[in-house]
$ cat target-v3.txt   # compact mmCIF, C-alpha atoms
# COMPACT_ATOMS: atom_id res chain seq x y z
CA MET A 76 214.23 32.01 172.40
CA ASN A 77 215.91 32.70 175.73
CA GLN A 78 216.29 29.27 177.20
CA GLU A 79 219.90 28.70 178.28
CA THR A 80 221.40 25.35 177.33
CA GLU A 81 222.25 22.84 180.03
CA ILE A 82 224.15 19.61 179.45
CA ASN A 83 224.28 16.69 181.88
CA LEU A 84 226.73 13.90 181.21
CA GLU A 85 225.46 10.35 181.66
CA LYS A 86 226.99 6.97 180.98
CA GLU A 87 225.45 4.13 179.00
CA GLY A 88 228.17 1.50 179.21
CA ASP A 89 231.15 2.90 177.34
CA ILE A 90 229.06 5.68 175.77
CA THR A 91 228.99 9.19 177.23
CA VAL A 92 225.57 10.70 176.71
CA PHE A 93 225.26 14.48 176.48
CA ASP A 94 221.74 15.09 177.81
CA ILE A 95 221.11 18.47 176.18
CA GLN A 96 218.37 20.55 177.75
CA ARG A 97 216.65 23.44 175.99
CA ASP A 98 217.72 25.42 172.92
CA VAL A 99 221.18 25.56 171.38
CA THR A 100 222.57 28.86 170.09
CA ALA A 101 225.99 30.48 169.59
CA PHE A 102 225.92 31.36 173.30
CA SER A 103 225.90 27.66 174.19
CA GLU A 104 229.56 27.29 173.18
CA SER A 105 231.07 27.33 176.66
CA VAL A 106 228.55 24.74 177.90
CA PHE A 107 229.42 22.38 175.04
CA SER A 108 233.16 23.00 175.43
CA LYS A 109 233.04 22.12 179.11
CA ALA A 110 230.93 19.02 178.52
CA TYR A 111 233.26 17.81 175.82
CA GLN A 112 236.35 18.57 177.91
CA ASP A 113 234.91 16.60 180.84
CA ALA A 114 233.99 13.67 178.58
CA ASP A 115 237.37 13.71 176.88
CA ASN A 116 239.18 13.83 180.23
CA GLN A 117 237.29 10.68 181.20
CA GLY A 118 238.78 8.99 178.12
CA THR A 119 235.49 8.52 176.32
CA LYS A 120 235.59 7.14 172.79
CA LYS A 121 231.85 7.25 172.10
CA ILE A 122 229.59 10.26 172.46
CA LEU A 123 225.85 10.42 172.02
CA LEU A 124 224.15 13.81 171.77
CA LYS A 125 220.67 13.46 173.18
CA PHE A 126 218.24 16.20 172.18
CA TYR A 127 214.62 16.65 173.16
CA GLU A 128 211.78 16.92 170.65
CA ASP A 129 211.07 20.57 171.47
CA ALA A 130 214.71 21.71 171.31
CA TYR A 131 215.47 24.54 168.89
CA ILE A 132 218.93 24.64 167.32
CA ASN A 133 219.63 27.78 165.33
CA SER A 134 222.50 28.50 162.94
CA GLY A 135 224.78 29.33 165.87
CA GLY A 136 223.89 26.03 167.51
CA ILE A 137 224.67 24.21 164.27
CA ALA A 138 228.07 25.95 164.20
CA ILE A 139 228.80 24.60 167.69
CA LEU A 140 227.84 21.07 166.64
CA ILE A 141 230.12 21.30 163.62
CA GLN A 142 232.91 22.46 165.92
CA LEU A 143 232.24 19.46 168.17
CA LEU A 144 232.24 17.07 165.21
CA ALA A 145 235.62 18.43 164.13
CA LYS A 146 237.04 17.80 167.63
CA THR A 147 235.70 14.24 167.85
CA ARG A 148 236.98 13.47 164.36
CA LYS A 149 240.42 14.75 165.28
CA ASN A 150 240.41 12.63 168.47
CA ASN A 151 239.03 9.51 166.75
CA GLN A 152 235.88 9.52 168.81
CA LEU A 153 232.60 8.13 167.55
CA ILE A 154 229.72 10.61 167.80
CA CYS A 155 226.04 10.22 167.08
CA ILE A 156 222.76 12.01 167.71
CA ALA A 157 219.36 10.98 169.06
CA GLY A 158 215.99 12.56 169.89
CA LEU A 159 215.85 15.28 167.25
CA SER A 160 212.52 16.37 165.79
CA SER A 161 211.96 15.49 162.13
CA HIS A 162 212.33 19.20 161.33
CA PHE A 163 215.92 19.25 162.60
CA LYS A 164 216.79 15.83 161.18
CA LYS A 165 216.05 17.35 157.77
CA ILE A 166 218.16 20.45 158.49
CA PHE A 167 221.09 18.43 159.84
CA ASN A 168 220.93 16.26 156.74
CA MET A 169 220.94 19.31 154.43
CA VAL A 170 223.84 20.94 156.27
CA GLY A 171 225.84 17.71 156.03
CA ILE A 172 226.10 16.85 159.71
CA THR A 173 224.80 13.35 158.99
CA LYS A 174 227.99 12.62 157.01
CA PHE A 175 229.91 12.74 160.31
CA ALA A 176 227.29 11.74 162.89
CA LYS A 177 224.47 9.24 162.45
CA ILE A 178 221.07 10.29 163.69
CA TYR A 179 218.94 7.78 165.59
CA ASN A 180 215.32 8.13 166.63
CA THR A 181 215.92 7.25 170.25
CA VAL A 182 218.77 6.86 172.74
CA TYR A 183 217.83 3.18 173.04
CA GLU A 184 218.29 2.66 169.32
CA ALA A 185 221.61 4.54 169.29
CA VAL A 186 222.99 2.62 172.25
CA ALA A 187 221.93 -0.71 170.75
CA VAL A 188 223.88 0.06 167.58
CA ILE A 189 227.03 1.76 168.85
CA ALA A 190 227.57 -0.12 172.11
CA GLY A 191 229.19 -2.98 170.23
CA GLU A 192 231.28 -0.81 167.90
CA SER A 193 234.98 -0.28 168.53
CA MET B 64 197.26 46.37 175.19
CA GLU B 65 198.75 44.06 177.82
CA LEU B 66 200.32 41.86 175.16
CA LEU B 67 201.82 44.84 173.33
CA SER B 68 203.50 45.86 176.60
CA LEU B 69 205.37 42.52 176.60
CA CYS B 70 206.99 43.34 173.28
CA TYR B 71 210.56 44.69 173.65
CA ILE B 72 210.06 47.32 170.97
CA PHE B 73 207.30 49.03 172.94
CA LYS B 74 209.04 48.95 176.32
CA GLY B 75 208.72 52.27 178.15
CA LEU B 76 205.68 53.63 176.30
CA SER B 77 202.90 55.34 178.21
CA THR B 78 199.35 54.05 178.64
CA SER B 79 198.01 56.55 176.12
CA GLN B 80 200.66 55.54 173.61
CA PHE B 81 199.70 51.88 174.06
CA ARG B 82 196.10 52.88 173.53
CA ARG B 83 197.00 54.53 170.22
CA LEU B 84 198.98 51.43 169.19
CA SER B 85 196.02 49.18 170.04
CA GLU B 86 193.87 51.22 167.67
CA ILE B 87 196.09 50.28 164.73
CA THR B 88 196.58 46.65 165.79
CA LYS B 89 194.67 43.77 164.24
CA GLU B 90 194.55 40.19 165.50
CA GLU B 91 194.77 37.24 163.12
CA HIS B 92 194.93 33.48 163.27
CA ILE B 93 197.83 31.83 161.40
CA GLN B 94 197.83 28.16 160.44
CA LYS B 95 200.83 25.86 160.83
CA GLY B 96 203.00 26.07 157.72
CA GLU B 97 201.75 29.52 156.73
CA PHE B 98 204.31 32.28 156.12
CA LEU B 99 203.93 35.68 157.79
CA MET B 100 206.66 37.20 155.64
CA HIS B 101 209.23 36.21 153.01
CA GLU B 102 212.89 37.21 152.86
CA GLY B 103 213.37 39.90 150.23
CA GLN B 104 209.72 40.92 150.22
CA LYS B 105 208.58 44.51 150.82
CA ALA B 106 208.15 44.97 154.60
CA GLU B 107 204.59 46.09 155.18
CA ALA B 108 203.83 45.00 158.73
CA LEU B 109 205.14 44.28 162.19
CA PHE B 110 204.04 41.00 163.80
CA ILE B 111 203.66 40.26 167.51
CA ILE B 112 203.07 36.74 168.84
CA LYS B 113 200.10 36.27 171.14
CA GLU B 114 200.29 32.48 171.16
CA GLY B 115 201.75 29.71 169.02
CA GLU B 116 205.21 29.42 167.47
CA VAL B 117 206.83 31.14 164.52
CA GLU B 118 210.26 30.28 163.14
CA LEU B 119 212.56 32.82 161.50
CA LEU B 120 214.65 31.49 158.61
CA THR B 121 217.08 32.63 155.98
CA SER B 122 217.58 31.03 152.59
CA VAL B 123 221.03 29.65 151.67
CA ASN B 124 221.75 29.38 147.94
CA ASP B 125 218.02 28.87 147.42
CA THR B 126 218.62 25.24 148.39
CA PHE B 127 217.84 25.17 152.10
CA GLU B 128 216.59 27.24 154.97
CA LEU B 129 218.88 28.06 157.86
CA PRO B 130 217.05 28.38 161.19
CA ILE B 131 217.67 31.73 162.89
CA THR B 132 215.40 31.70 165.90
CA ILE B 133 212.02 30.61 167.17
CA LEU B 134 209.41 33.00 168.53
CA ARG B 135 207.31 31.25 171.14
CA ASN B 136 206.75 33.71 173.98
CA PRO B 137 203.78 36.11 174.06
CA GLY B 138 205.13 39.50 172.99
CA ASP B 139 207.91 38.13 170.75
CA CYS B 140 207.92 40.11 167.55
CA THR B 141 209.31 40.16 164.04
CA GLY B 142 209.02 42.26 160.91
CA THR B 143 210.97 45.23 162.29
CA SER B 144 212.28 45.89 158.77
CA SER B 145 208.91 47.57 158.33
CA ILE B 146 210.20 50.52 160.36
CA VAL B 147 213.76 50.59 159.01
CA ALA B 148 214.74 51.54 155.44
CA PRO B 149 214.91 50.03 152.86
CA TYR B 150 211.75 48.34 154.23
CA VAL B 151 212.57 44.86 152.96
CA TYR B 152 212.24 41.77 155.13
CA SER B 153 215.67 40.23 155.83
CA LEU B 154 214.23 36.92 156.99
CA SER B 155 211.25 34.67 156.34
CA ALA B 156 208.82 33.78 159.13
CA ARG B 157 206.90 30.52 159.08
CA CYS B 158 204.29 29.38 161.58
CA VAL B 159 205.35 26.06 163.15
CA LYS B 160 202.49 25.82 165.63
CA ALA B 161 199.10 27.41 164.91
CA ALA B 162 199.31 30.96 166.17
CA GLN B 163 197.37 34.06 167.11
CA ILE B 164 199.30 37.15 166.13
CA PHE B 165 198.89 40.89 166.26
CA ILE B 166 199.63 42.76 163.05
CA ILE B 167 200.50 46.44 162.84
CA LYS B 168 200.63 47.82 159.31
CA GLN B 169 203.75 49.79 158.37
CA ILE B 170 201.79 52.76 156.99
CA ALA B 171 199.76 53.19 160.19
CA LEU B 172 202.79 52.72 162.45
CA GLU B 173 204.92 55.18 160.51
CA LYS B 174 202.10 57.76 160.70
CA LEU B 175 201.88 57.23 164.46
CA MET B 176 205.66 57.59 164.85
CA GLN B 177 205.59 60.85 162.88
CA GLU B 178 202.72 62.24 164.98
CA ASP B 179 204.31 61.16 168.27
CA HIS B 180 208.07 61.62 168.08
CA LYS B 181 208.59 60.43 171.64
CA LEU B 182 206.94 57.12 170.76
CA GLY B 183 209.11 56.83 167.66
CA CYS B 184 212.25 57.62 169.66
CA VAL B 185 211.47 55.01 172.34
CA MET B 186 210.76 52.36 169.71
CA MET B 187 213.96 53.04 167.75
CA LYS B 188 216.04 53.02 170.95
CA ASN B 189 214.55 49.64 171.93
CA LEU B 190 215.09 48.31 168.43
CA ALA B 191 218.73 49.44 168.39
CA GLN B 192 219.37 47.65 171.70
CA HIS B 193 217.74 44.48 170.39
CA LEU B 194 219.69 44.56 167.14
CA LEU B 195 222.94 45.04 169.08
CA GLY B 196 222.15 41.79 170.89
CA ARG B 197 221.52 40.04 167.58
CA LEU B 198 224.78 41.43 166.18
CA LYS B 199 226.69 40.09 169.19
CA GLU B 200 225.14 36.68 168.63
CA THR B 201 226.06 36.73 164.96
CA ARG B 202 229.65 37.68 165.79
CA GLN B 203 229.78 34.84 168.31
CA GLU B 204 228.63 32.43 165.60
CA LEU B 205 231.27 33.77 163.24
CA LYS B 206 233.97 33.25 165.88
CA ILE B 207 232.88 29.63 166.30
CA HIS B 208 233.19 29.02 162.57
CA PHE B 209 236.64 30.61 162.48
CA LYS B 210 237.80 28.59 165.47
CA THR B 211 236.75 25.41 163.67
CA ILE B 212 238.58 26.45 160.49
CA PHE B 213 241.67 27.48 162.44
CA GLN B 214 241.78 24.22 164.38
CA SER B 215 241.48 22.20 161.20
CA ILE B 216 244.37 24.09 159.59
CA HIS B 217 246.57 24.00 162.70
CA PRO B 218 246.09 20.55 164.29

$ encode --input "target-v3.txt" --output "structure tokens"
Amino acid sequence: MNQETEINLEKEGDITVFDIQRDVTAFSESVFSKAYQDADNQGTKKILLKFYEDAYINSGGIAILIQLLAKTRKNNQLICIAGLSSHFKKIFNMVGITKFAKIYNTVYEAVAVIAGES
Amino acid sequence: MELLSLCYIFKGLSTSQFRRLSEITKEEHIQKGEFLMHEGQKAEALFIIKEGEVELLTSVNDTFELPITILRNPGDCTGTSSIVAPYVYSLSARCVKAAQIFIIKQIALEKLMQEDHKLGCVMMKNLAQHLLGRLKETRQELKIHFKTIFQSIHP
């Protein structure tokens, strides 16, 4: 599991999409911090974490996501997730991430729902 | 033999040592969903991935499984508790994509390590280096959790 995370920021209207490439581990912290800092500096109020079906997110990666959720909650930013495999949807649900971030099947679905929210 | 040479634990062994390892290695097919080992079980074998994917997990409160890592590259291995006392698996390993794996039984490997001390020394040195990397990752994870707690207490 040695695939370093890469995040590209994209815009879908007023939503900043974190296009997350490859696996997420504890060593992905700086990449997520930078992406969030850049998005926050742009004044974003809506963040969508886009994962790919084959992404692997271990316990360290989950810790980073929880850290990110805490930041967005503190800054009154809406955050949601799309693209996860069913395996990780189940894990995220069990860990409680879904209490703070809704999970959508696709980016299209997520954008359709949250674009209109304030 | 070529696949065994991709495994970090065997890095630096000689051709003859690889030959001896091959003699105690068996290949098996593992179906998706099948477990190679269970956390807490007696560690009786070392497993090396030839192809397919195997996920390593740990149980939390017996209610859910926390993902630790995924083994998907040829040569990735697990089950190293079989060569370290108290010989109990610290994680479970479940096949997530049908796999071909190499299995080396603990009894045969321990015998080989006792007969060839250089081989044993190289393996333990490689294992120590690998475990140091895992420890660093675990510490990094711990730091992340503490940062989150700290930031929630001190807004």

$ residues_around --input "target-v3.txt" --residues "Pro149 of chain B" --least-positions-apart "5" --cutoff "12 Å" --atoms "only C-alpha atoms" --output "ChimeraX atom specification"
/B:103-107,143-144

$ residues_around --input "target-v3.txt" --residues "Leu124 of chain A" --least-positions-apart "3" --cutoff "7 Å" --atoms "all atoms listed in the file" --output "MDAnalysis selection string"
chainID A and resid 92:94 155:157

$ write_last_selection --input "target-v3.txt" --atoms "C-alpha atoms" --output "compact mmCIF listing (two decimals), in the frame of the given file"
# COMPACT_ATOMS: atom_id res chain seq x y z
CA VAL A 92 225.57 10.70 176.71
CA PHE A 93 225.26 14.48 176.48
CA ASP A 94 221.74 15.09 177.81
CA CYS A 155 226.04 10.22 167.08
CA ILE A 156 222.76 12.01 167.71
CA ALA A 157 219.36 10.98 169.06

$ interface_residues --input "target-v3.txt" --of "chain A" --to "chain B" --cutoff "7 Å" --atoms "all atoms listed in the file" --output "PDB file with C-alpha atoms, in the frame of the given file"
ATOM      1  CA  MET A  76     214.230  32.010 172.400  1.00  0.00           C
ATOM      2  CA  ALA A 101     225.990  30.480 169.590  1.00  0.00           C
ATOM      3  CA  ASN A 133     219.630  27.780 165.330  1.00  0.00           C
ATOM      4  CA  SER A 134     222.500  28.500 162.940  1.00  0.00           C
ATOM      5  CA  GLY A 135     224.780  29.330 165.870  1.00  0.00           C
ATOM      6  CA  ALA A 138     228.070  25.950 164.200  1.00  0.00           C
ATOM      7  CA  ILE A 139     228.800  24.600 167.690  1.00  0.00           C
ATOM      8  CA  GLN A 142     232.910  22.460 165.920  1.00  0.00           C
TER       9      GLN A 142
END

$ residues_around --input "target-v3.txt" --residues "Lys113 of chain B" --least-positions-apart "2" --cutoff "7 Å" --atoms "only C-alpha atoms" --output "list in words"
Leu66, Ile111, Pro137, Gly138, Gln163, Ile164 and Phe165 of chain B

$ atom_distance --input "target-v3.txt" --atom1 "atom CA of Lys174 of chain B" --atom2 "atom CA of Ala156 of chain B"
25.0 Å

$ closest_residue --input "target-v3.txt" --among "A:Ile137, A:Met169, A:Ile82, A:Ala187" --to "Asp113 of chain A" --atoms "all atoms listed in the file"
A:Ile82

$ atom_distance --input "target-v3.txt" --atom1 "atom CA of Asp89 of chain A" --atom2 "atom CA of Glu184 of chain A"
15.2 Å

$ atom_distance --input "target-v3.txt" --atom1 "atom CA of Phe126 of chain A" --atom2 "atom CA of Gly158 of chain A"
4.9 Å

$ residues_around --input "target-v3.txt" --residues "segment 86-91 of chain B" --least-positions-apart "2" --cutoff "8 Å" --atoms "all atoms listed in the file" --output "list in words"
Arg82, Arg83, Leu84, Ile93, Gln163, Ile164, Phe165, Ile166, Ile167, Lys168, Ala171 and Leu172 of chain B

$ closest_residue --input "target-v3.txt" --among "B:Glu178, B:Val123, B:Cys158, B:Lys95" --to "Ile166 of chain A" --atoms "only C-alpha atoms"
B:Val123

$ residues_around --input "target-v3.txt" --residues "Arg157 of chain B" --least-positions-apart "6" --cutoff "7 Å" --atoms "only C-alpha atoms" --output "VMD selection string"
chain B and resid 96 to 99 117 to 119

$ build_atoms --input "target-v3.txt" --residues "segment 79-91 of chain A" --atoms "N, CA and C atoms" --output "CSV table (one decimal), keeping the file's coordinate frame"
chain,number,residue,atom,x,y,z
A,79,GLU,N,218.5,29.0,178.2
A,79,GLU,CA,219.9,28.7,178.3
A,79,GLU,C,220.1,27.2,178.3
A,80,THR,N,221.1,26.8,177.5
A,80,THR,CA,221.4,25.4,177.3
A,80,THR,C,222.0,24.8,178.6
A,81,GLU,N,221.6,23.6,178.9
A,81,GLU,CA,222.2,22.8,180.0
A,81,GLU,C,222.6,21.4,179.5
A,82,ILE,N,223.8,21.0,179.9
A,82,ILE,CA,224.2,19.6,179.4
A,82,ILE,C,224.6,18.8,180.7
A,83,ASN,N,223.9,17.6,180.8
A,83,ASN,CA,224.3,16.7,181.9
A,83,ASN,C,224.9,15.5,181.2
A,84,LEU,N,226.1,15.1,181.8
A,84,LEU,CA,226.7,13.9,181.2
A,84,LEU,C,226.2,12.6,181.9
A,85,GLU,N,225.9,11.6,181.1
A,85,GLU,CA,225.5,10.4,181.7
A,85,GLU,C,226.2,9.2,181.0
A,86,LYS,N,226.3,8.1,181.6
A,86,LYS,CA,227.0,7.0,181.0
A,86,LYS,C,226.0,5.9,180.6
A,87,GLU,N,226.2,5.3,179.4
A,87,GLU,CA,225.4,4.1,179.0
A,87,GLU,C,226.5,3.1,178.6
A,88,GLY,N,227.0,2.4,179.5
A,88,GLY,CA,228.2,1.5,179.2
A,88,GLY,C,229.4,2.3,178.9
A,89,ASP,N,230.0,2.1,177.7
A,89,ASP,CA,231.2,2.9,177.3
A,89,ASP,C,230.8,4.2,176.5
A,90,ILE,N,229.5,4.5,176.5
A,90,ILE,CA,229.1,5.7,175.8
A,90,ILE,C,228.8,6.8,176.7
A,91,THR,N,229.3,8.0,176.4
A,91,THR,CA,229.0,9.2,177.2
A,91,THR,C,227.8,9.9,176.5
